[in-house]
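**Q** Right, I'll just put the structure down here and ask away after.
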Amino acid sequence: MKDHVMHKVGGWKDRANLIDTSRSIQALGQRGRWTEALGVFLSAGHNALEYDIVFLNILLGTLCARGVWPAALGMLAETVDVCGWNTLLQGSGRAQSWAFTLDALEHMACTVGTDETSFNTAIASVKVWQLAASILAEMSQARLRSDVLGHTAAVSACVPSEDDEARETWRQAVSQLGSMAAASLSANPVTWGACISSARAVCWRLASQLLQDFYSHKLRSNVILLSSAAVASQKGDQWQAALALLQEVNQQAAHCRERDGAESGRFQARGGGHQAMASAGLAILKRDVAASILQKMEVPAAAETLAEMKTTVAAQLLSKMVEDDQHDRAAQILAEMGSGGADITAELRASTAGWIFAQLEAPAAATIIGEMAYVGAGRILAELEPSHAMQILLELDTENAAYVLDDMDTPPAVRVLGAMEHDQAAALAAQMVPDAAAPVFARMEYDDAAGIVAEMGHEAAAGVIQEMEPDAAAGILHEMDPAGAAEVVAVMDYDDGAAFILSELDPEPASKIVAALEESVAAGIMAEMEFETAAAILQEMAYDAASNVLAKMEPATAAGAVSLMEAEPAAHVMMAAQSYANAAKIVSKLTEECAAEVFSEMEVEAAAGIASEMEYESAANGLALMHAEDAANLVSAVESYEDAAGMLSEMEYEDAAALVAHLDASTAGYILGELEHDSASGILAEMDAPAAGAALAYMEYADAAEALCKMDTGAAEVLGAMEYEDAAGVISQAGASAAAGILADMEHAAAGAVLAEMEYHEAAPILAAMEEETAGEVVSEMEYDATAYILGEMDYDIAANILAKVEAYHGAGIVAEMDCGEAASVLMAAQSYASAACIVAEMEAVDAAKVMAEMEAPAAAGVIADLEYSNSADILCLWPWTIVFV
């Protein structure tokens, strides 16, 4: 960095920019921002600005003024001239780095040279009379003429560090006065004052003599000189003499006014007058002496004197009074000063000011506090009894009192506010900065804090409550009326304010506050809570109120809360929704398990209404996890069979079947009838045959047949479980082949019974589609007449083949019930005369004769030929005579 700083020093390339940069550095230095000032300087180099000695000295002055002369030395010392080095000497003097001062002076002598300012600055910096005298000697050796400033600085350095040095240092001070006279230099009042101050360590009378010597030189006395003499009087505990000297100040001031009105006017303009001069004199006295003098003065005069002092000095004198147990006296003086005592009070330690203010009446104290610009006022009042501090605050306007409370530490602020009526405290708290008021309220008893918050405006109360830790804020809200607490909560931020605070409350009081909020506001706050917390609060609310709040939330968020509620209250909240559609949006976002639990706790009609508003898949997922009977009750209450079917269609067949099995048969049938045939078939296949059959009976026969035919297995059992009439109606709508396959898997008697219930022309193709063996077995279980009619609708050869598979006696019974012509045709279609003869042989002779009479002669003859003679004889005896045998 030094290399950059030592960028060539020469003319200014851009004078305007350099001037602006210099001003920026000075402005930053005045604000104490020296690092930024240094940054501006360095950037000038980066910006190709060449800087000269003046510019560097400006930066040196800025750095040294802020007490950072080492930084200035390390980075800039090698680039500056005598002026810059003198600036560094001043900086080292302020830092009391005397070793650097001497080294720097020696370095200058070898490099840039020295001047009178260099030596004077060094003398003023070392503050040790031996070193000061040595530097003066070096100044002479450097052939530089010492001046008044250098000698005065040397005299000022003659302050003894120990009592045994007092006389020696005083002699050195007097010696410097002699040296000045020898050099034809006239000591000024400052020089004399420094000498007198040195003499006070030896004897106050000696100091007074020096003052007389000063008069003998016909020099006008001034405040510094006379005050130095007054300080010297303290050595002999001669405060009366000090007061007399201060009175001399007054007389000198009066003499100035008489002799030179204009000059006196200028003096007055600087805050002059005898009190001003007395104040300046007291300021130089030792604190205990000055305080003693001040205590002897009349209160108005003492107050006026303090008013003319520097506030820090005046504060020290008041502090000394308090140390001397002169609280009342200090209070009287401060009260006399009124608002003018504010700056002095601000300089006092809080405990000291507290002792004084404890003696002041509230109006007088308030007058001072009101002018303190709130700096330290709160800490002062914190030292008082709460009741007294409260009375002072109430004397102030509300805004000022609030600012004072902002400045007060939390525990005393709690005590002061607690001493007030709630409305009084609320008025002040409403004006406080929220983050200052928050810890105060947090430390109060919750009921007291609640009483104050209730009296504050909602905006102000919310600001304070929101700045508190959630648990403390919750404690206060708990003590408030729910409606009032709701008004405060309503104006808070939802996320990092209201939600956190309400979460700290127990669910029951939190629910009362939420219930008192507008629904949209409550929803916004609840949406920011943990689901578990929101659920606990919702459970404590009235069902309709909770439902209305949930309706204003995003369905997924609302569902998160509902999912953690107990099933029963969750169900009631959903039932209390303004519409089933609103509830359905939330239930649709629940997990399947949760939806099932909630549905199970609802009244059937409500559950059905909500489920009907849901997507079929969502509703089905919940239904699938319910107890089958409960799910069935819900589905049966759905107004639209189409909707119910839609839900079942999204379920696993096994789950749907378990549900349908608990429906009454008609409802099951109607719902299954609304399903796609594949779905209906899959569900039926998972059901017990009786339940499936009962449901099929209520379906349209065509739909039932389609579903039945699509079943992979179990169709026969289902059909067999139906009433024969219903089974006939269903199977009649199936194709012959499919129907034959299903009937073939049934018990033969049941299959026959079903066929018997069908229209003969419908049953015939089904029976014909069976394998002959199976058909024969089915026919064997049927009544003769039904079979006869069915076979009569079939091709003769098929019928003959079926008859061939039955027992001869059964075939004979069937044939006997057939029309003789049809029976004759069937027998003629038999595979052999022998098989036909077997059937005929089992027939009654008369019936056989009638059938045989309808046969063609060759066929009849063939059949007769295969009969037993006895059988054929019986038949021939009954044969019509018109028959001619060939």
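By convention in this document, the chains of the structure tokens carry letters A, B, ... by their order, each chain's residues are numbered from 1, and ligands are numbered from 1 in the order they are shown.
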Using DSSP on the backbone, list every residue of segment 472-503 of chain A that comes out as alpha helix (DSSP H), and give them as a PyMOL selection string.

**A** chain A and resi 472-479+482-490+499-503

**Q** Rounded to one decimal in Å, what is the spacing between atom CA of Ser666 of chain A and atom CA of His627 of chain A?

**A**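 For atom CA of Ser666 of chain A relative to atom CA of His627 of chain A, the distance reads 20.8 Å.
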
**Q** Quick one, how far is atom CA of Pro569 of chain A from atom CA of Ser636 of chain A?

**A**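 Computed distance, atom CA of Pro569 of chain A to atom CA of Ser636 of chain A, equals 23.7 Å.
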
**Q** So which residues touch segment 822-835 of chain A within 7 Å, counting only C-alpha atoms, skipping near sequence neighbours fewer than 3 positions away, as a list in words?

**A**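 Here the qualifying residues turn out to be Gly792, Tyr796, Asp797, Ala799, Ala800, Asn801, Ala804, Val815, Met818, Asp819, Cys838, Ile839, Val851, Met852, Glu854, Met855, Ala859, Gly862, Val863 and Asp866 of chain A.
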
**Q** For the residues selected in the previous step, produce a file with all heavy atoms as a short mmCIF file (atom, residue, chain, number, x, y, z; two decimals), in the first residue's frame.

**A**
```
data_model
loop_
_atom_site.label_atom_id
_atom_site.label_comp_id
_atom_site.auth_asym_id
_atom_site.auth_seq_id
_atom_site.Cartn_x
_atom_site.Cartn_y
_atom_site.Cartn_z
N GLY A 792 -88.14 -80.64 -29.34
CA GLY A 792 -88.97 -80.40 -30.51
C GLY A 792 -88.53 -79.17 -31.29
O GLY A 792 -88.89 -79.01 -32.45
N TYR A 796 -83.59 -82.73 -35.66
CA TYR A 796 -83.94 -84.07 -35.23
C TYR A 796 -82.72 -84.93 -34.92
O TYR A 796 -82.72 -85.70 -33.95
CB TYR A 796 -84.80 -84.75 -36.29
CG TYR A 796 -86.12 -84.04 -36.54
CD1 TYR A 796 -86.65 -83.96 -37.85
CD2 TYR A 796 -86.84 -83.49 -35.48
CE1 TYR A 796 -87.86 -83.33 -38.08
CE2 TYR A 796 -88.06 -82.85 -35.72
CZ TYR A 796 -88.55 -82.75 -37.01
OH TYR A 796 -89.74 -82.12 -37.23
N ASP A 797 -81.71 -84.72 -35.73
CA ASP A 797 -80.55 -85.57 -35.50
C ASP A 797 -79.85 -85.22 -34.18
O ASP A 797 -79.34 -86.08 -33.47
CB ASP A 797 -79.57 -85.48 -36.67
CG ASP A 797 -79.16 -84.06 -36.97
OD1 ASP A 797 -79.82 -83.11 -36.46
OD2 ASP A 797 -78.15 -83.84 -37.70
N ALA A 799 -81.32 -83.83 -31.55
CA ALA A 799 -82.19 -84.33 -30.50
C ALA A 799 -82.01 -85.83 -30.33
O ALA A 799 -82.00 -86.37 -29.21
CB ALA A 799 -83.63 -83.98 -30.81
N ALA A 800 -81.89 -86.53 -31.44
CA ALA A 800 -81.73 -87.98 -31.39
C ALA A 800 -80.43 -88.34 -30.69
O ALA A 800 -80.40 -89.29 -29.88
CB ALA A 800 -81.76 -88.54 -32.81
N ASN A 801 -79.38 -87.58 -31.00
CA ASN A 801 -78.10 -87.88 -30.37
C ASN A 801 -78.16 -87.64 -28.86
O ASN A 801 -77.51 -88.37 -28.09
CB ASN A 801 -77.00 -87.01 -30.98
CG ASN A 801 -76.70 -87.40 -32.42
OD1 ASN A 801 -76.98 -88.55 -32.85
ND2 ASN A 801 -76.15 -86.47 -33.19
N ALA A 804 -79.99 -90.36 -27.25
CA ALA A 804 -79.18 -91.58 -27.23
C ALA A 804 -78.31 -91.64 -25.99
O ALA A 804 -77.81 -92.72 -25.63
CB ALA A 804 -78.32 -91.64 -28.49
N VAL A 815 -90.05 -88.84 -25.34
CA VAL A 815 -90.63 -89.05 -26.66
C VAL A 815 -92.15 -89.12 -26.54
O VAL A 815 -92.90 -88.62 -27.39
CB VAL A 815 -90.07 -90.33 -27.31
CG1 VAL A 815 -90.85 -90.68 -28.57
CG2 VAL A 815 -88.59 -90.12 -27.61
N MET A 818 -93.74 -85.87 -26.71
CA MET A 818 -93.54 -85.08 -27.92
C MET A 818 -94.71 -85.28 -28.87
O MET A 818 -95.47 -86.23 -28.77
CB MET A 818 -92.24 -85.50 -28.61
CG MET A 818 -90.97 -85.19 -27.82
SD MET A 818 -89.47 -85.80 -28.65
CE MET A 818 -89.42 -84.74 -30.08
N ASP A 819 -94.83 -84.35 -29.77
CA ASP A 819 -95.77 -84.53 -30.86
C ASP A 819 -95.35 -85.79 -31.61
O ASP A 819 -94.15 -86.04 -31.80
CB ASP A 819 -95.74 -83.31 -31.78
CG ASP A 819 -96.64 -83.46 -32.98
OD1 ASP A 819 -97.84 -83.26 -32.83
OD2 ASP A 819 -96.08 -83.72 -34.05
N CYS A 838 -84.62 -99.22 -28.40
CA CYS A 838 -84.46 -99.20 -26.94
C CYS A 838 -85.44 -98.24 -26.31
O CYS A 838 -86.00 -98.51 -25.24
CB CYS A 838 -83.03 -98.83 -26.58
SG CYS A 838 -81.81 -100.09 -26.99
N ILE A 839 -85.61 -97.06 -26.94
CA ILE A 839 -86.52 -96.05 -26.40
C ILE A 839 -87.96 -96.51 -26.57
O ILE A 839 -88.77 -96.45 -25.63
CB ILE A 839 -86.30 -94.70 -27.10
CG1 ILE A 839 -84.90 -94.16 -26.76
CG2 ILE A 839 -87.36 -93.68 -26.70
CD1 ILE A 839 -84.52 -92.90 -27.54
N VAL A 851 -96.49 -93.17 -32.29
CA VAL A 851 -95.25 -92.59 -32.84
C VAL A 851 -94.81 -93.38 -34.06
O VAL A 851 -94.46 -92.79 -35.09
CB VAL A 851 -94.15 -92.57 -31.78
CG1 VAL A 851 -92.82 -92.15 -32.40
CG2 VAL A 851 -94.53 -91.65 -30.65
N MET A 852 -94.87 -94.72 -33.93
CA MET A 852 -94.42 -95.56 -35.02
C MET A 852 -95.28 -95.36 -36.26
O MET A 852 -94.79 -95.45 -37.39
CB MET A 852 -94.47 -97.04 -34.60
CG MET A 852 -93.52 -97.39 -33.46
SD MET A 852 -91.81 -97.54 -33.99
CE MET A 852 -91.90 -99.03 -34.98
N GLU A 854 -96.24 -92.68 -37.31
CA GLU A 854 -95.84 -91.47 -38.01
C GLU A 854 -94.49 -91.64 -38.70
O GLU A 854 -94.03 -90.74 -39.41
CB GLU A 854 -95.72 -90.30 -37.01
CG GLU A 854 -97.04 -89.92 -36.37
CD GLU A 854 -97.99 -89.29 -37.38
OE1 GLU A 854 -97.51 -88.64 -38.34
OE2 GLU A 854 -99.22 -89.45 -37.21
N MET A 855 -93.90 -92.80 -38.46
CA MET A 855 -92.60 -93.05 -39.06
C MET A 855 -92.76 -93.57 -40.48
O MET A 855 -93.78 -94.13 -40.84
CB MET A 855 -91.82 -94.05 -38.22
CG MET A 855 -91.46 -93.57 -36.83
SD MET A 855 -90.65 -94.84 -35.85
CE MET A 855 -89.13 -95.09 -36.75
N ALA A 859 -88.38 -97.28 -41.77
CA ALA A 859 -87.80 -96.99 -40.46
C ALA A 859 -88.58 -97.69 -39.37
O ALA A 859 -88.03 -98.27 -38.43
CB ALA A 859 -87.80 -95.47 -40.21
N GLY A 862 -87.71 -101.21 -39.35
CA GLY A 862 -86.39 -101.47 -38.77
C GLY A 862 -86.44 -101.45 -37.27
O GLY A 862 -85.79 -102.24 -36.60
N VAL A 863 -87.21 -100.50 -36.74
CA VAL A 863 -87.31 -100.38 -35.29
C VAL A 863 -88.04 -101.61 -34.74
O VAL A 863 -87.62 -102.21 -33.74
CB VAL A 863 -88.03 -99.09 -34.89
CG1 VAL A 863 -88.31 -99.07 -33.40
CG2 VAL A 863 -87.21 -97.89 -35.32
N ASP A 866 -86.05 -104.63 -34.29
CA ASP A 866 -85.07 -104.68 -33.20
C ASP A 866 -85.74 -104.78 -31.83
O ASP A 866 -85.07 -104.73 -30.80
CB ASP A 866 -84.19 -103.44 -33.24
CG ASP A 866 -83.08 -103.58 -34.29
OD1 ASP A 866 -82.48 -104.65 -34.34
OD2 ASP A 866 -82.81 -102.58 -34.99
#
```

**Q** For Glu528 of chain A, list every protein, DNA or RNA residue within 6 Å, evaluated using only C-alpha atoms, and leave out those in the same chain fewer than 2 positions away; present the list as a ChimeraX atom specification.

**A** /A:495,499,525-526

**Q** For the atom pair atom CA of Phe441 of chain A and atom CA of Met480 of chain A, what is the interatomic distance in Å to one decimal place?

**A**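 So the answer is 13.7 Å.
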
**Q** Which residue is closest to Gly669 of chain A? Choose from A:Gly475, A:Val638, A:Val491, A:Ala704 and count only C-alpha atoms.

**A** A:Ala704

**Q** Give the answer as one residue: which of A:Ile380, A:Met492, A:Ala450, A:Ala595 has the shortest atom-to-atom distance to Leu477 of chain A, using only C-alpha atoms?

**A** A:Ala450

**Q** Find the residues around Ala753 of chain A up to 12 Å (only C-alpha atoms counted), leave out those fewer than 5 positions away in its own chain, and share them as a VMD selection string.

**A** chain A and resid 719 to 720 722 to 728 743 746 to 748 758 763 778 to 784 786 to 787

**Q** Just the selected residues (N, CA and C atoms), exported as a PDB file, in the first residue's frame, please.

**A**
```
ATOM      1  N   LEU A 719     -74.800 -68.501 -11.390  1.00  0.00           N
ATOM      2  CA  LEU A 719     -76.088 -68.753 -12.048  1.00  0.00           C
ATOM      3  C   LEU A 719     -76.888 -69.784 -11.276  1.00  0.00           C
ATOM      4  N   GLY A 720     -76.165 -70.736 -10.737  1.00  0.00           N
ATOM      5  CA  GLY A 720     -76.850 -71.773  -9.986  1.00  0.00           C
ATOM      6  C   GLY A 720     -77.412 -71.270  -8.682  1.00  0.00           C
ATOM      7  N   MET A 722     -78.939 -68.508  -8.379  1.00  0.00           N
ATOM      8  CA  MET A 722     -80.082 -67.640  -8.671  1.00  0.00           C
ATOM      9  C   MET A 722     -81.377 -68.446  -8.694  1.00  0.00           C
ATOM     10  N   GLU A 723     -82.460 -67.723  -8.547  1.00  0.00           N
ATOM     11  CA  GLU A 723     -83.749 -68.342  -8.807  1.00  0.00           C
ATOM     12  C   GLU A 723     -83.742 -68.813 -10.259  1.00  0.00           C
ATOM     13  N   TYR A 724     -84.360 -69.985 -10.510  1.00  0.00           N
ATOM     14  CA  TYR A 724     -84.278 -70.554 -11.847  1.00  0.00           C
ATOM     15  C   TYR A 724     -84.862 -69.622 -12.891  1.00  0.00           C
ATOM     16  N   GLU A 725     -85.906 -68.965 -12.521  1.00  0.00           N
ATOM     17  CA  GLU A 725     -86.542 -68.063 -13.474  1.00  0.00           C
ATOM     18  C   GLU A 725     -85.596 -66.933 -13.856  1.00  0.00           C
ATOM     19  N   ASP A 726     -84.927 -66.337 -12.800  1.00  0.00           N
ATOM     20  CA  ASP A 726     -83.983 -65.247 -13.077  1.00  0.00           C
ATOM     21  C   ASP A 726     -82.777 -65.753 -13.850  1.00  0.00           C
ATOM     22  N   ALA A 727     -82.320 -66.936 -13.453  1.00  0.00           N
ATOM     23  CA  ALA A 727     -81.176 -67.508 -14.148  1.00  0.00           C
ATOM     24  C   ALA A 727     -81.513 -67.744 -15.611  1.00  0.00           C
ATOM     25  N   ALA A 728     -82.747 -68.203 -15.849  1.00  0.00           N
ATOM     26  CA  ALA A 728     -83.181 -68.423 -17.227  1.00  0.00           C
ATOM     27  C   ALA A 728     -83.211 -67.125 -18.006  1.00  0.00           C
ATOM     28  N   LEU A 743     -73.977 -73.561 -18.319  1.00  0.00           N
ATOM     29  CA  LEU A 743     -74.916 -74.556 -17.822  1.00  0.00           C
ATOM     30  C   LEU A 743     -74.248 -75.919 -17.661  1.00  0.00           C
ATOM     31  N   MET A 746     -72.760 -76.362 -14.348  1.00  0.00           N
ATOM     32  CA  MET A 746     -73.679 -76.384 -13.221  1.00  0.00           C
ATOM     33  C   MET A 746     -74.035 -77.815 -12.879  1.00  0.00           C
ATOM     34  N   GLU A 747     -74.637 -77.986 -11.716  1.00  0.00           N
ATOM     35  CA  GLU A 747     -75.236 -79.279 -11.415  1.00  0.00           C
ATOM     36  C   GLU A 747     -76.303 -79.532 -12.472  1.00  0.00           C
ATOM     37  N   HIS A 748     -76.394 -80.765 -12.925  1.00  0.00           N
ATOM     38  CA  HIS A 748     -77.264 -81.061 -14.054  1.00  0.00           C
ATOM     39  C   HIS A 748     -78.724 -80.764 -13.753  1.00  0.00           C
ATOM     40  N   MET A 758     -86.888 -71.492 -19.422  1.00  0.00           N
ATOM     41  CA  MET A 758     -86.676 -70.662 -20.598  1.00  0.00           C
ATOM     42  C   MET A 758     -87.744 -70.940 -21.649  1.00  0.00           C
ATOM     43  N   ALA A 763     -84.111 -72.219 -25.243  1.00  0.00           N
ATOM     44  CA  ALA A 763     -83.368 -73.274 -24.564  1.00  0.00           C
ATOM     45  C   ALA A 763     -82.803 -74.287 -25.558  1.00  0.00           C
ATOM     46  N   VAL A 778     -77.995 -83.532 -18.529  1.00  0.00           N
ATOM     47  CA  VAL A 778     -78.895 -82.458 -18.134  1.00  0.00           C
ATOM     48  C   VAL A 778     -80.336 -82.863 -18.399  1.00  0.00           C
ATOM     49  N   VAL A 779     -80.548 -83.410 -19.582  1.00  0.00           N
ATOM     50  CA  VAL A 779     -81.907 -83.811 -19.962  1.00  0.00           C
ATOM     51  C   VAL A 779     -82.423 -84.888 -19.009  1.00  0.00           C
ATOM     52  N   SER A 780     -81.532 -85.708 -18.554  1.00  0.00           N
ATOM     53  CA  SER A 780     -81.932 -86.778 -17.647  1.00  0.00           C
ATOM     54  C   SER A 780     -82.498 -86.228 -16.351  1.00  0.00           C
ATOM     55  N   GLU A 781     -82.163 -84.976 -16.006  1.00  0.00           N
ATOM     56  CA  GLU A 781     -82.644 -84.378 -14.772  1.00  0.00           C
ATOM     57  C   GLU A 781     -83.884 -83.519 -14.984  1.00  0.00           C
ATOM     58  N   MET A 782     -84.335 -83.439 -16.237  1.00  0.00           N
ATOM     59  CA  MET A 782     -85.458 -82.558 -16.550  1.00  0.00           C
ATOM     60  C   MET A 782     -86.776 -83.325 -16.588  1.00  0.00           C
ATOM     61  N   GLU A 783     -87.831 -82.557 -16.443  1.00  0.00           N
ATOM     62  CA  GLU A 783     -89.158 -83.119 -16.598  1.00  0.00           C
ATOM     63  C   GLU A 783     -89.332 -83.507 -18.069  1.00  0.00           C
ATOM     64  N   TYR A 784     -90.172 -84.584 -18.310  1.00  0.00           N
ATOM     65  CA  TYR A 784     -90.334 -85.084 -19.668  1.00  0.00           C
ATOM     66  C   TYR A 784     -90.921 -84.046 -20.597  1.00  0.00           C
ATOM     67  N   ALA A 786     -90.980 -80.683 -20.446  1.00  0.00           N
ATOM     68  CA  ALA A 786     -90.104 -79.566 -20.790  1.00  0.00           C
ATOM     69  C   ALA A 786     -89.061 -79.998 -21.792  1.00  0.00           C
ATOM     70  N   THR A 787     -88.511 -81.198 -21.550  1.00  0.00           N
ATOM     71  CA  THR A 787     -87.478 -81.681 -22.447  1.00  0.00           C
ATOM     72  C   THR A 787     -88.074 -81.929 -23.821  1.00  0.00           C
TER      73      THR A 787
END
```

**Q** Would you kindly return, as number ranges by chain, each protein, DNA or RNA residue with an atom no farther than 12 Å from any atom of segment 675-691 of chain A, considering only C-alpha atoms and excluding same-chain residues fewer than 5 positions away?

**A** A: 641-670, 696-700, 702-723

**Q** Tell me which protein, DNA and RNA residues are within 6 Å of segment 622-625 of chain A, counting only C-alpha atoms, leaving out same-chain ones fewer than 2 positions away, and put them as a list in words.

**A**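 Near neighbours after the sequence-gap exclusion: Glu592, Ala595, Ala596, Ala619, Ala620, Ala631 and Asp655 of chain A.
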
**Q** Looking at only C-alpha atoms, which of A:Ala462, A:Gly673, A:Ala775, A:Asn548 is the one that sits closest to Ile790 of chain A?

**A** A:Ala775
